[in-house]
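Engineer: My structure file data-v2.txt, compact mmCIF, C-alpha atoms, is below:
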```
# COMPACT_ATOMS: atom_id res chain seq x y z
CA MET A 1 10.28 9.36 -93.81
CA VAL A 2 7.24 10.86 -92.19
CA LEU A 3 6.99 13.61 -89.61
CA SER A 4 4.89 12.46 -86.67
CA ALA A 5 2.58 14.79 -84.79
CA ASN A 6 5.26 14.89 -82.12
CA ASP A 7 7.95 15.83 -84.64
CA LYS A 8 5.80 18.66 -85.99
CA ALA A 9 5.14 19.98 -82.51
CA ASN A 10 8.84 19.79 -81.63
CA VAL A 11 9.85 21.62 -84.79
CA LYS A 12 7.26 24.36 -84.39
CA ALA A 13 8.25 24.85 -80.77
CA ALA A 14 11.93 24.95 -81.66
CA PHE A 15 11.44 27.62 -84.29
CA GLY A 16 9.19 29.49 -81.88
CA LYS A 17 12.07 29.63 -79.41
CA ILE A 18 14.59 30.60 -82.08
CA GLY A 19 12.18 33.37 -83.05
CA GLY A 20 13.72 36.55 -84.38
CA GLN A 21 17.21 35.10 -84.21
CA ALA A 22 16.48 32.86 -87.18
CA GLU A 23 18.38 35.22 -89.50
CA GLU A 24 21.50 35.01 -87.36
CA TYR A 25 21.13 31.25 -87.20
CA GLY A 26 20.95 31.19 -91.00
CA ALA A 27 24.07 33.31 -91.44
CA GLU A 28 26.05 31.28 -88.94
CA THR A 29 24.87 28.04 -90.56
CA LEU A 30 26.33 29.16 -93.87
CA GLU A 31 29.54 30.41 -92.26
CA ARG A 32 30.03 27.02 -90.60
CA MET A 33 29.16 25.16 -93.78
CA PHE A 34 31.74 27.06 -95.85
CA ALA A 35 34.39 26.54 -93.16
CA THR A 36 33.68 22.87 -92.57
CA TYR A 37 32.81 21.74 -96.11
CA PRO A 38 34.83 23.95 -98.46
CA GLN A 39 33.34 22.21 -101.50
CA THR A 40 30.06 24.01 -100.75
CA LYS A 41 31.76 27.27 -101.64
CA THR A 42 31.72 26.18 -105.29
CA TYR A 43 28.08 27.26 -105.47
CA PHE A 44 28.99 30.81 -104.48
CA PRO A 45 31.84 31.95 -106.73
CA HIS A 46 30.09 35.30 -107.04
CA PHE A 47 30.01 35.87 -103.27
CA ASP A 48 32.45 37.44 -100.89
CA LEU A 49 32.74 34.60 -98.38
CA GLY A 50 35.02 36.41 -95.96
CA LYS A 51 34.19 36.81 -92.30
CA GLY A 52 31.21 39.07 -91.71
CA SER A 53 30.28 39.10 -95.37
CA ALA A 54 27.07 41.01 -96.00
CA GLN A 55 26.25 38.63 -98.86
CA VAL A 56 26.52 35.60 -96.58
CA LYS A 57 24.37 37.34 -93.97
CA GLY A 58 21.81 38.20 -96.63
CA HIS A 59 21.77 34.69 -97.97
CA GLY A 60 21.59 33.22 -94.47
CA LYS A 61 18.50 35.33 -93.91
CA LYS A 62 16.90 33.80 -97.02
CA VAL A 63 17.77 30.25 -95.99
CA ALA A 64 16.40 30.85 -92.48
CA ALA A 65 13.22 32.37 -93.84
CA ALA A 66 12.65 29.27 -95.97
CA LEU A 67 13.13 26.99 -92.97
CA VAL A 68 10.73 29.13 -90.92
CA GLU A 69 8.21 29.03 -93.75
CA ALA A 70 8.50 25.26 -93.93
CA ALA A 71 8.07 24.97 -90.16
CA ASN A 72 5.01 27.22 -90.26
CA ASN A 73 3.51 25.06 -93.01
CA ILE A 74 4.78 21.78 -91.74
CA ASP A 75 1.73 19.86 -92.92
CA ASP A 76 2.56 20.78 -96.50
CA ILE A 77 6.27 21.52 -96.84
CA ALA A 78 6.15 20.62 -100.54
CA GLY A 79 3.46 23.23 -101.12
CA ALA A 80 5.18 25.87 -99.03
CA LEU A 81 8.53 25.42 -100.79
CA SER A 82 7.21 24.64 -104.27
CA LYS A 83 8.76 27.72 -105.88
CA LEU A 84 12.08 27.10 -104.15
CA SER A 85 11.90 23.51 -105.31
CA ASP A 86 11.50 24.70 -108.91
CA LEU A 87 14.38 27.13 -108.48
CA HIS A 88 16.73 24.47 -107.17
CA ALA A 89 15.77 22.04 -109.93
CA GLN A 90 15.93 24.41 -112.86
CA LYS A 91 18.49 26.99 -111.95
CA LEU A 92 20.56 26.25 -108.85
CA ARG A 93 20.95 22.47 -109.20
CA VAL A 94 22.77 22.12 -105.91
CA ASP A 95 23.87 18.51 -105.60
CA PRO A 96 21.53 16.73 -103.16
CA VAL A 97 24.37 15.68 -100.87
CA ASN A 98 24.84 19.30 -99.81
CA PHE A 99 21.49 19.63 -98.07
CA LYS A 100 22.70 17.15 -95.47
CA LEU A 101 25.78 19.28 -94.91
CA LEU A 102 23.68 22.42 -94.43
CA GLY A 103 21.41 20.50 -92.08
CA GLN A 104 24.35 19.34 -89.96
CA CYS A 105 25.60 22.91 -89.63
CA PHE A 106 22.16 24.22 -88.72
CA LEU A 107 21.95 21.64 -85.93
CA VAL A 108 25.41 22.65 -84.71
CA VAL A 109 24.27 26.29 -84.58
CA VAL A 110 21.20 25.36 -82.55
CA ALA A 111 23.35 23.11 -80.33
CA SER A 112 25.92 25.80 -79.63
CA ARG A 113 23.52 28.72 -79.21
CA ASN A 114 20.65 26.96 -77.50
CA PRO A 115 21.80 23.63 -76.05
CA SER A 116 18.81 23.26 -73.74
CA LEU A 117 16.54 23.49 -76.75
CA LEU A 118 18.24 20.56 -78.48
CA THR A 119 17.10 17.63 -76.37
CA PRO A 120 17.60 14.24 -78.05
CA GLU A 121 13.93 14.17 -79.04
CA VAL A 122 14.00 17.66 -80.56
CA HIS A 123 17.30 16.81 -82.22
CA ALA A 124 15.64 13.80 -83.86
CA SER A 125 12.62 15.85 -84.99
CA LEU A 126 14.72 18.69 -86.37
CA ASP A 127 16.98 16.25 -88.20
CA LYS A 128 13.92 14.64 -89.80
CA PHE A 129 12.50 18.06 -90.66
CA LEU A 130 15.74 19.18 -92.32
CA CYS A 131 15.83 15.92 -94.29
CA ALA A 132 12.26 16.53 -95.40
CA VAL A 133 13.14 20.06 -96.56
CA GLY A 134 16.11 18.72 -98.52
CA THR A 135 13.92 16.06 -100.10
CA VAL A 136 11.37 18.67 -101.19
CA LEU A 137 14.03 20.96 -102.63
CA THR A 138 15.51 18.15 -104.73
CA ALA A 139 12.21 16.45 -105.59
CA LYS A 140 11.96 17.90 -109.09
CA TYR A 141 15.59 17.34 -110.06
CA ARG A 142 14.72 14.51 -112.45
CA MET B 1 49.28 11.22 -95.35
CA VAL B 2 46.95 13.40 -93.30
CA HIS B 3 48.18 16.83 -92.43
CA TRP B 4 47.22 18.58 -89.23
CA SER B 5 48.06 22.23 -88.77
CA ALA B 6 49.25 23.51 -85.42
CA GLU B 7 45.94 25.32 -85.07
CA GLU B 8 43.95 22.15 -85.71
CA LYS B 9 45.98 20.22 -83.15
CA GLN B 10 45.35 23.02 -80.67
CA LEU B 11 41.62 23.01 -81.33
CA ILE B 12 41.47 19.25 -80.85
CA ALA B 13 43.53 19.26 -77.66
CA SER B 14 41.74 22.18 -76.04
CA VAL B 15 38.31 20.62 -76.61
CA TRP B 16 39.39 17.12 -75.65
CA GLY B 17 40.99 18.37 -72.46
CA LYS B 18 37.61 19.55 -71.23
CA VAL B 19 35.51 16.59 -72.37
CA SER B 20 34.07 14.07 -69.94
CA VAL B 21 34.59 10.91 -71.96
CA GLU B 22 31.94 9.08 -69.97
CA GLU B 23 29.26 11.79 -70.30
CA CYS B 24 29.90 12.73 -73.91
CA GLY B 25 30.30 9.13 -74.99
CA ALA B 26 27.04 8.11 -73.36
CA GLU B 27 25.24 11.10 -74.80
CA ALA B 28 26.59 10.63 -78.30
CA LEU B 29 25.64 6.96 -78.45
CA ALA B 30 22.20 7.63 -76.95
CA ARG B 31 21.53 10.37 -79.50
CA LEU B 32 22.67 8.08 -82.32
CA LEU B 33 20.14 5.46 -81.25
CA ILE B 34 17.40 8.08 -80.83
CA VAL B 35 17.99 10.23 -83.91
CA TYR B 36 18.77 7.31 -86.23
CA PRO B 37 16.73 4.49 -84.72
CA TRP B 38 17.81 1.95 -87.32
CA THR B 39 21.23 1.98 -85.64
CA GLN B 40 19.59 0.05 -82.80
CA ARG B 41 19.93 -3.01 -85.02
CA PHE B 42 23.40 -3.59 -83.63
CA PHE B 43 22.31 -3.58 -80.03
CA ASP B 44 19.68 -6.29 -79.66
CA ASN B 45 21.24 -7.41 -76.41
CA PHE B 46 21.18 -3.98 -74.80
CA GLY B 47 17.77 -4.43 -73.23
CA ASN B 48 15.26 -1.59 -73.17
CA LEU B 49 15.68 0.82 -76.09
CA SER B 50 11.96 1.48 -76.45
CA SER B 51 11.98 5.24 -75.87
CA PRO B 52 14.41 8.16 -75.66
CA THR B 53 14.12 8.05 -71.87
CA ALA B 54 14.86 4.31 -71.82
CA ILE B 55 17.84 4.77 -74.15
CA ILE B 56 19.33 7.65 -72.17
CA GLY B 57 19.01 5.75 -68.90
CA ASN B 58 20.19 2.42 -70.28
CA PRO B 59 23.40 1.40 -68.46
CA LYS B 60 24.65 -0.66 -71.42
CA VAL B 61 24.29 2.36 -73.68
CA ARG B 62 26.24 4.50 -71.23
CA ALA B 63 28.97 1.90 -70.85
CA HIS B 64 29.33 1.35 -74.57
CA GLY B 65 29.29 5.07 -75.26
CA LYS B 66 32.15 5.49 -72.83
CA LYS B 67 34.05 2.65 -74.54
CA VAL B 68 33.58 4.22 -77.98
CA LEU B 69 34.70 7.67 -76.90
CA THR B 70 37.66 6.27 -74.98
CA SER B 71 38.79 4.78 -78.25
CA PHE B 72 38.51 8.25 -79.76
CA GLY B 73 41.03 9.35 -77.20
CA GLU B 74 43.48 6.91 -78.71
CA ALA B 75 42.94 8.49 -82.10
CA ILE B 76 43.71 11.90 -80.67
CA LYS B 77 47.01 10.61 -79.29
CA ASN B 78 47.85 9.21 -82.72
CA LEU B 79 46.59 11.80 -85.16
CA ASP B 80 49.34 10.95 -87.63
CA ASN B 81 48.49 7.27 -87.73
CA LEU B 82 44.74 6.85 -87.54
CA LYS B 83 44.68 3.88 -89.91
CA GLY B 84 47.23 2.02 -87.80
CA THR B 85 45.47 2.93 -84.58
CA TYR B 86 42.14 1.58 -85.84
CA SER B 87 43.43 -1.38 -87.84
CA LYS B 88 42.27 -4.08 -85.44
CA LEU B 89 38.99 -2.31 -84.63
CA SER B 90 38.33 -1.96 -88.34
CA GLU B 91 38.72 -5.70 -88.85
CA LEU B 92 36.48 -6.34 -85.88
CA HIS B 93 33.71 -4.04 -87.12
CA CYS B 94 33.83 -5.69 -90.54
CA GLU B 95 34.32 -9.35 -89.76
CA LYS B 96 32.59 -9.81 -86.42
CA LEU B 97 30.23 -6.88 -85.92
CA HIS B 98 29.20 -6.36 -89.57
CA VAL B 99 28.66 -2.63 -89.12
CA ASP B 100 28.08 -0.54 -92.24
CA PRO B 101 30.73 2.23 -92.15
CA GLU B 102 28.02 4.78 -92.79
CA ASN B 103 27.22 4.36 -89.10
CA PHE B 104 30.66 5.72 -88.18
CA ARG B 105 29.88 8.87 -90.16
CA LEU B 106 26.51 9.22 -88.43
CA LEU B 107 28.10 8.85 -84.99
CA GLY B 108 30.79 11.37 -85.91
CA ASP B 109 28.19 13.98 -86.87
CA ILE B 110 26.30 13.33 -83.63
CA LEU B 111 29.50 13.70 -81.61
CA VAL B 112 30.11 17.11 -83.18
CA ILE B 113 26.62 18.20 -82.16
CA VAL B 114 27.13 16.93 -78.62
CA LEU B 115 30.39 18.90 -78.39
CA ALA B 116 28.55 21.98 -79.66
CA THR B 117 25.95 21.68 -76.88
CA HIS B 118 28.73 21.48 -74.29
CA PHE B 119 31.03 24.19 -75.61
CA GLY B 120 28.53 26.73 -76.95
CA LYS B 121 30.14 29.78 -78.54
CA ASP B 122 33.59 28.28 -77.91
CA PHE B 123 32.74 25.67 -80.52
CA THR B 124 33.62 28.13 -83.25
CA PRO B 125 33.31 27.41 -86.97
CA ALA B 126 37.06 26.67 -87.05
CA CYS B 127 36.61 24.28 -84.15
CA GLN B 128 33.72 22.54 -85.86
CA ALA B 129 35.67 22.28 -89.12
CA THR B 130 38.58 20.64 -87.31
CA TRP B 131 36.40 18.19 -85.43
CA GLN B 132 34.36 17.27 -88.51
CA LYS B 133 37.69 16.57 -90.22
CA LEU B 134 38.74 14.38 -87.30
CA VAL B 135 35.50 12.40 -87.08
CA GLY B 136 35.55 11.94 -90.84
CA LEU B 137 39.08 10.57 -90.73
CA VAL B 138 38.26 8.28 -87.81
CA ALA B 139 35.28 6.94 -89.76
CA HIS B 140 37.53 6.44 -92.77
CA ALA B 141 40.16 4.63 -90.67
CA LEU B 142 37.53 2.37 -89.16
CA ALA B 143 36.34 1.46 -92.64
CA HIS B 144 39.82 0.97 -94.02
CA LYS B 145 40.15 -2.76 -93.40
CA TYR B 146 36.72 -3.64 -94.74
CA HIS B 147 36.57 -6.28 -97.40
```
Is it possible to express this structure as structure tokens?

Structural biologist:
Amino acid sequence: MVLSANDKANVKAAFGKIGGQAEEYGAETLERMFATYPQTKTYFPHFDLGKGSAQVKGHGKKVAAALVEAANNIDDIAGALSKLSDLHAQKLRVDPVNFKLLGQCFLVVVASRNPSLLTPEVHASLDKFLCAVGTVLTAKYR
Amino acid sequence: MVHWSAEEKQLIASVWGKVSVEECGAEALARLLIVYPWTQRFFDNFGNLSSPTAIIGNPKVRAHGKKVLTSFGEAIKNLDNLKGTYSKLSELHCEKLHVDPENFRLLGDILVIVLATHFGKDFTPACQATWQKLVGLVAHALAHKYH
């Protein structure tokens, strides 16, 4: 699945509008993911996953930063996330199915916080972008 | 046997009470066809689906979206018997319509996003969790009679 020029423009514009709130979006994405898909908590036995957890906020910030980095380097997501791709393959080994779940929650955060941003076209582009990120992060799994 | 807590039932009812079945149904189906264009394969007779604008304005899409979400309303009235509620529709989608059940999961996820755009902050994580559970179970019920 290939990101068209339109998709890239939509994604860059979307992250431009999200701007400095990306960290909050990241934290809320994780909060929603843990609430909606409890099996995702199995990757964080060492975390306090309670409401307002500083660890979740911190990790959300990291996840958001990676998405922003990918959006800023959208012509070469694989290059931009190469180290993260290694990390997920060698150390984290998060089952690939979970990236879809994270993606769904990220879209719900955008939808609830910024509904006018998530037109059907932008929704499509962001969904493709999130799929592409997931693909990159699992590319070296085997 | 599916269990629904009192809180979950509340979250479902309070959202559903404020939903325009026609608007949300139309929007959910349109987004499905736009975000996952391969789903258009089931709608050859719907006319113009050539662009997001065409899809959103397509009267057949709107009508069918309304039909689909109206059926959801039935599920909500029968939360303790989703399989029974969807038994005939499940047979139909398998035997006549030949729809891969994965499409029900895709539509469910889209519906959750549409609800999020309408309800904003009120679509809390607990609300999302409940509705993802519901759409997942509806998808499962619709797939139940497949053979």

Engineer: Hey, can you check how far atom CA of Cys24 of chain B sits from atom CA of Gly26 of chain A?

Structural biologist: 26.7 Å

Engineer: Nearest to Ala70 of chain A: which of A:Pro45, A:Gly50, A:Pro38, A:Gly134 is it, counting all atoms listed in the file?

Structural biologist: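 Among the listed residues, the smallest separation from Ala70 of chain A belongs to A:Gly134.
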
Engineer: What is the distance, in Å and to one decimal place, between atom CA of Glu91 of chain B and atom CA of Arg31 of chain B?

Structural biologist: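 If I compute the distance from atom CA of Glu91 of chain B to atom CA of Arg31 of chain B, I get 25.3 Å.
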
Engineer: In Å to one decimal, how far is atom CA of Val108 of chain A from atom CA of Ile113 of chain B?

Structural biologist: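 So the two atoms, atom CA of Ile113 of chain B and atom CA of Val108 of chain A, lie 5.3 Å apart.
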
Engineer: Per residue of chain B within 10 Å of chain A, which atom pair is closest and at what distance in Å (one decimal), using only C-alpha atoms, listed by chain and increasing number, as CSV?

Structural biologist:
```
residue,atom,partner,partner_atom,distance
B:Glu27,CA,A:Pro120,CA,8.9
B:Ala28,CA,A:Pro120,CA,9.7
B:Ala30,CA,A:Pro120,CA,8.1
B:Arg31,CA,A:Pro120,CA,5.7
B:Leu32,CA,A:Pro120,CA,9.0
B:Leu33,CA,A:Pro120,CA,9.7
B:Ile34,CA,A:Ala124,CA,6.7
B:Val35,CA,A:Ala124,CA,4.3
B:Tyr36,CA,A:Ala124,CA,7.6
B:Pro37,CA,A:Ala124,CA,9.4
B:Ser51,CA,A:Glu121,CA,9.7
B:Pro52,CA,A:Glu121,CA,6.9
B:Thr53,CA,A:Pro120,CA,9.4
B:Ile56,CA,A:Pro120,CA,9.0
B:Asp109,CA,A:Gln104,CA,7.3
B:Ile110,CA,A:Gln104,CA,8.9
B:Val112,CA,A:Val108,CA,7.4
B:Ile113,CA,A:Val108,CA,5.3
B:Val114,CA,A:Ala111,CA,7.4
B:Leu115,CA,A:Ser112,CA,8.3
B:Ala116,CA,A:Ser112,CA,4.6
B:Thr117,CA,A:Ala111,CA,4.6
B:His118,CA,A:Ser112,CA,7.4
B:Phe119,CA,A:Ser112,CA,6.7
B:Gly120,CA,A:Ser112,CA,3.9
B:Lys121,CA,A:Ser112,CA,5.9
B:Asp122,CA,A:Ser112,CA,8.2
B:Phe123,CA,A:Ser112,CA,6.9
B:Thr124,CA,A:Arg32,CA,8.3
B:Pro125,CA,A:Arg32,CA,4.9
B:Ala126,CA,A:Ala35,CA,6.7
B:Cys127,CA,A:Thr36,CA,9.0
B:Gln128,CA,A:Thr36,CA,6.7
B:Ala129,CA,A:Thr36,CA,4.0
B:Thr130,CA,A:Thr36,CA,7.5
B:Trp131,CA,A:Thr36,CA,9.0
B:Gln132,CA,A:Thr36,CA,7.0
B:Lys133,CA,A:Thr36,CA,7.8
```

Engineer: Using all atoms listed in the file, list the residues that have an atom at most 9 Å from (0.4, 15.9, -91.6), coordinates as in the file, as a list in words.

Structural biologist: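 Checked against the point, the hits come out as Val2, Leu3, Ser4, Ala5, Lys8, Ile74, Asp75 and Asp76 of chain A.
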
Engineer: Do a neighbour search on Asn58 of chain B at 12 Å with only C-alpha atoms, toss out local chain neighbours closer than 3 positions, and write the hits as a list in words.

Structural biologist: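 Close residues of Asn58 of chain B: Ala26, Glu27, Leu29, Ala30, Leu33, Phe43, Asn45, Phe46, Gly47, Asn48, Leu49, Ser50, Ser51, Pro52, Thr53, Ala54, Ile55, Val61, Arg62, Ala63, His64 and Gly65 of chain B.
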
Engineer: For the selection you just gave me, I'd like the residues written to a file as a compact mmCIF listing (two decimals), in the frame of the given file, keeping C-alpha atoms.

Structural biologist:
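Writing the result to result_22.txt gives the following:
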```
# COMPACT_ATOMS: atom_id res chain seq x y z
CA ALA B 26 27.04 8.11 -73.36
CA GLU B 27 25.24 11.10 -74.80
CA LEU B 29 25.64 6.96 -78.45
CA ALA B 30 22.20 7.63 -76.95
CA LEU B 33 20.14 5.46 -81.25
CA PHE B 43 22.31 -3.58 -80.03
CA ASN B 45 21.24 -7.41 -76.41
CA PHE B 46 21.18 -3.98 -74.80
CA GLY B 47 17.77 -4.43 -73.23
CA ASN B 48 15.26 -1.59 -73.17
CA LEU B 49 15.68 0.82 -76.09
CA SER B 50 11.96 1.48 -76.45
CA SER B 51 11.98 5.24 -75.87
CA PRO B 52 14.41 8.16 -75.66
CA THR B 53 14.12 8.05 -71.87
CA ALA B 54 14.86 4.31 -71.82
CA ILE B 55 17.84 4.77 -74.15
CA VAL B 61 24.29 2.36 -73.68
CA ARG B 62 26.24 4.50 -71.23
CA ALA B 63 28.97 1.90 -70.85
CA HIS B 64 29.33 1.35 -74.57
CA GLY B 65 29.29 5.07 -75.26
```

Engineer: Could you name the residues that touch Leu97 of chain B at 12 Å or less, counting only C-alpha atoms, but leaving out those on the same chain fewer than 5 positions away, as a PDB file with C-alpha atoms, in the coordinates of the input?

Structural biologist:
```pdb
ATOM      1  CA  ARG B  41      19.930  -3.010 -85.020  1.00  0.00           C
ATOM      2  CA  PHE B  42      23.400  -3.590 -83.630  1.00  0.00           C
ATOM      3  CA  PHE B  43      22.310  -3.580 -80.030  1.00  0.00           C
ATOM      4  CA  LEU B  89      38.990  -2.310 -84.630  1.00  0.00           C
ATOM      5  CA  SER B  90      38.330  -1.960 -88.340  1.00  0.00           C
ATOM      6  CA  GLU B  91      38.720  -5.700 -88.850  1.00  0.00           C
ATOM      7  CA  LEU B  92      36.480  -6.340 -85.880  1.00  0.00           C
ATOM      8  CA  TYR B 146      36.720  -3.640 -94.740  1.00  0.00           C
TER       9      TYR B 146
END
```

Engineer: Return the padded bounding box of segment 92-110 of chain B as JSON: axis-aligned, built from all atoms listed in the file, 8 Å added on each side, with centre and edge lengths in Å to one decimal.

Structural biologist:
```
{"center_x": 31.4, "center_y": 2.1, "center_z": -88.2, "size_x": 26.2, "size_y": 39.8, "size_z": 25.2}
```

Engineer: Taking 5 positions as the minimum chain separation for residues in the same chain, which residues sit within 9 Å of Leu134 of chain B when counting only C-alpha atoms? Answer as an NGL selection string.

Structural biologist: :B and (12 or 75-76 or 79 or 108 or 129 or 139)

Engineer: Might you pull out every residue within 8 Å of segment 79-83 of chain A, with all atoms listed in the file counted and same-chain residues fewer than 3 positions away left off, and present them as a list in words?

Structural biologist: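 Close residues of segment 79-83 of chain A: Ala66, Glu69, Ala70, Asn73, Asp76, Asp86, Leu87, Val136 and Leu137 of chain A.
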
Engineer: Could you list, as a ChimeraX atom specification, every residue within 9 Å of Trp4 of chain B, counting all atoms listed in the file and ignoring same-chain residues fewer than 4 positions away?

Structural biologist: /B:8-9,79-80

Engineer: Include C-alpha atoms and write out the residues we just selected as a short mmCIF file (atom, residue, chain, number, x, y, z; two decimals), keeping the file's coordinate frame.

Structural biologist:
```
data_model
loop_
_atom_site.label_atom_id
_atom_site.label_comp_id
_atom_site.auth_asym_id
_atom_site.auth_seq_id
_atom_site.Cartn_x
_atom_site.Cartn_y
_atom_site.Cartn_z
CA GLU B 8 43.95 22.15 -85.71
CA LYS B 9 45.98 20.22 -83.15
CA LEU B 79 46.59 11.80 -85.16
CA ASP B 80 49.34 10.95 -87.63
#
```

Engineer: Kindly indicate which residue among B:Gly73, B:Cys94, B:Leu142, B:Leu106 lies nearest to Ala13 of chain B, using all atoms listed in the file for the distances.

Structural biologist: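 Closest residue, counting all atoms listed in the file: B:Gly73.
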
Engineer: Rank nothing, just name the residue among A:Gln55, A:Tyr43, A:Lys62, A:Arg142 nearest to Asn98 of chain A, using all atoms listed in the file.

Structural biologist: A:Tyr43

Engineer: Generate N, CA and C atoms for segment 43-66 of chain B and emit them as a CSV table (one decimal), in the frame of the given file.

Structural biologist:
```
chain,number,residue,atom,x,y,z
B,43,PHE,N,22.3,-3.5,-81.5
B,43,PHE,CA,22.3,-3.6,-80.0
B,43,PHE,C,21.1,-4.3,-79.5
B,44,ASP,N,20.8,-5.5,-80.1
B,44,ASP,CA,19.7,-6.3,-79.7
B,44,ASP,C,19.8,-6.7,-78.2
B,45,ASN,N,21.0,-6.9,-77.8
B,45,ASN,CA,21.2,-7.4,-76.4
B,45,ASN,C,21.4,-6.3,-75.4
B,46,PHE,N,21.0,-5.1,-75.7
B,46,PHE,CA,21.2,-4.0,-74.8
B,46,PHE,C,20.0,-3.8,-73.9
B,47,GLY,N,18.9,-4.6,-74.1
B,47,GLY,CA,17.8,-4.4,-73.2
B,47,GLY,C,16.8,-3.4,-73.8
B,48,ASN,N,16.3,-2.5,-72.9
B,48,ASN,CA,15.3,-1.6,-73.2
B,48,ASN,C,15.7,-0.4,-74.0
B,49,LEU,N,15.4,-0.3,-75.3
B,49,LEU,CA,15.7,0.8,-76.1
B,49,LEU,C,14.4,1.4,-76.7
B,50,SER,N,13.3,1.2,-75.9
B,50,SER,CA,12.0,1.5,-76.4
B,50,SER,C,11.6,3.0,-76.5
B,51,SER,N,12.3,3.8,-75.8
B,51,SER,CA,12.0,5.2,-75.9
B,51,SER,C,13.2,6.0,-75.6
B,52,PRO,N,13.2,7.3,-76.0
B,52,PRO,CA,14.4,8.2,-75.7
B,52,PRO,C,14.8,8.1,-74.2
B,53,THR,N,13.8,8.1,-73.3
B,53,THR,CA,14.1,8.0,-71.9
B,53,THR,C,14.8,6.7,-71.5
B,54,ALA,N,14.3,5.6,-72.1
B,54,ALA,CA,14.9,4.3,-71.8
B,54,ALA,C,16.3,4.3,-72.3
B,55,ILE,N,16.5,4.8,-73.5
B,55,ILE,CA,17.8,4.8,-74.2
B,55,ILE,C,18.8,5.6,-73.3
B,56,ILE,N,18.4,6.8,-72.9
B,56,ILE,CA,19.3,7.6,-72.2
B,56,ILE,C,19.7,7.0,-70.8
B,57,GLY,N,18.7,6.3,-70.2
B,57,GLY,CA,19.0,5.8,-68.9
B,57,GLY,C,19.6,4.4,-68.9
B,58,ASN,N,19.7,3.8,-70.1
B,58,ASN,CA,20.2,2.4,-70.3
B,58,ASN,C,21.7,2.3,-69.9
B,59,PRO,N,22.0,1.5,-68.9
B,59,PRO,CA,23.4,1.4,-68.5
B,59,PRO,C,24.3,0.8,-69.5
B,60,LYS,N,23.8,-0.1,-70.4
B,60,LYS,CA,24.6,-0.7,-71.4
B,60,LYS,C,25.0,0.4,-72.5
B,61,VAL,N,24.0,1.3,-72.7
B,61,VAL,CA,24.3,2.4,-73.7
B,61,VAL,C,25.4,3.3,-73.1
B,62,ARG,N,25.3,3.6,-71.9
B,62,ARG,CA,26.2,4.5,-71.2
B,62,ARG,C,27.6,3.9,-71.3
B,63,ALA,N,27.7,2.6,-70.9
B,63,ALA,CA,29.0,1.9,-70.8
B,63,ALA,C,29.6,1.8,-72.2
B,64,HIS,N,28.8,1.5,-73.2
B,64,HIS,CA,29.3,1.4,-74.6
B,64,HIS,C,29.7,2.7,-75.2
B,65,GLY,N,28.9,3.7,-74.8
B,65,GLY,CA,29.3,5.1,-75.3
B,65,GLY,C,30.6,5.5,-74.7
B,66,LYS,N,30.9,5.2,-73.5
B,66,LYS,CA,32.2,5.5,-72.8
B,66,LYS,C,33.3,4.7,-73.5
```
